[in-house]
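Below is one structure, written out as structure tokens; the observations come after it.
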Amino acid sequence: VAIAALRGWIIVLRIGEVFEIDEDWAEEIVALRGPVGDLFAYGMNALGGGIVGVFVVPIGLAVVLLICRRPWGALYFILASAASAGVVQLLKQLFGRARPEDMIVLSDFGSFPSGHVANAATIAVAIGVIVPRVGIWIAGAVYTILMAISRTYLGAHWFTDTVGGLLVGAGVALLLWVVFAGPLERERIAWTERVATRNEARAQSHVTPPAVRR
């Protein structure tokens with residue numbers, strides 16, 4: 001969060017100026033626009049924002065965690081999602097960076113940081129903390145990167161906006177993890193033991209008993 005805020009101050013100090021990397025990236029990514037890219041980008045736009053991204057996805061994942069008897073995980077996930085969204089809106093109002101002129105999707109005020117990318121990064125880190133598996137972390141990283149690409153493809157953000165969003169989303173999730181680390185770890189261990197016990201019982205139920213000799 002602090003790094004993202006620092007990047008925002010740099011942008012404010014250079015008001016009216018766009019970073020060279022932003023211009024170069026925008027030129028390259030906009031040149032790739034086409035039917036397939038549009039389908040991908042608009043799909044990511046709907047998935048990562050609006051009612052779906054802000055309410056449906058977080059609440060849906062929280063419900064899944066509750067069903068899996070992971071209440072601490074559900075609480076942590078909901079708080080991380082809400083805190084991330086709040087920090088994003090605060091930074092948008094604070095820095096008020098203008099969006100690119102060739103934007104082809106409707107968006108709210110403020111370009112820095114990207115709310116879609118922050119949301120994606122929060123989900124990736126939070127789920128990775130709750131279910132610490134390599135595959136989960138890889139999937140989360142891929143999802144966040146694809147979200148960042150889609151935001152610049154649509155012209156909704158500059159490249160540095162997406163970097164700021166990633167830092168905000170991941171930073172908020174990690175800061176809250178420090179607070180919830182103890183309960184989350186105890187809950188994870190208990191959940192792992194339940195799964196192991198259930199799998200063992202299932203395996204035993206499929207074992208053919210030895211034949212009785214007469």
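Chain labels follow the order of the structure tokens: the first chain is A, the next B, and so on; residue numbering restarts at 1 in every chain, and ligands are counted from 1 in their shown order.
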Can you list, as a list in words, every protein, DNA or RNA residue that comes within 12 Å of Ile21 of chain A when you count only C-alpha atoms, leaving out same-chain residues fewer than 6 positions away?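 What passes the distance filter is Glu27, Glu28, Ile29, Trp158, Phe159, Thr160, Asp161 and Val163 of chain A.
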Per-residue nearest contacts segment 117-153 of chain A to segment 184-204 of chain A, cut-off 12 Å, using only C-alpha atoms, as JSON lines:
```
{"residue": "A:Ala126", "atom": "CA", "partner": "A:Leu184", "partner_atom": "CA", "distance": 10.9}
{"residue": "A:Ile127", "atom": "CA", "partner": "A:Leu184", "partner_atom": "CA", "distance": 11.5}
{"residue": "A:Gly128", "atom": "CA", "partner": "A:Leu184", "partner_atom": "CA", "distance": 11.9}
{"residue": "A:Val129", "atom": "CA", "partner": "A:Leu184", "partner_atom": "CA", "distance": 8.5}
{"residue": "A:Ile130", "atom": "CA", "partner": "A:Leu184", "partner_atom": "CA", "distance": 7.0}
{"residue": "A:Val131", "atom": "CA", "partner": "A:Arg188", "partner_atom": "CA", "distance": 7.8}
{"residue": "A:Pro132", "atom": "CA", "partner": "A:Arg188", "partner_atom": "CA", "distance": 9.2}
{"residue": "A:Arg133", "atom": "CA", "partner": "A:Arg188", "partner_atom": "CA", "distance": 11.9}
```
Identify which of the residues A:Leu94, A:Leu154, A:Ala118, A:Ala85 lies closest to Phe55 of chain A, counting only C-alpha atoms when measuring atom-to-atom distances.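 That would be A:Ala85, the residue with the smallest distance to Phe55 of chain A.
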Counting only C-alpha atoms, figure out which residue out of A:Met103, A:Ala141, A:Val30, A:Val56 gets nearest to Ser81 of chain A. A:Val56
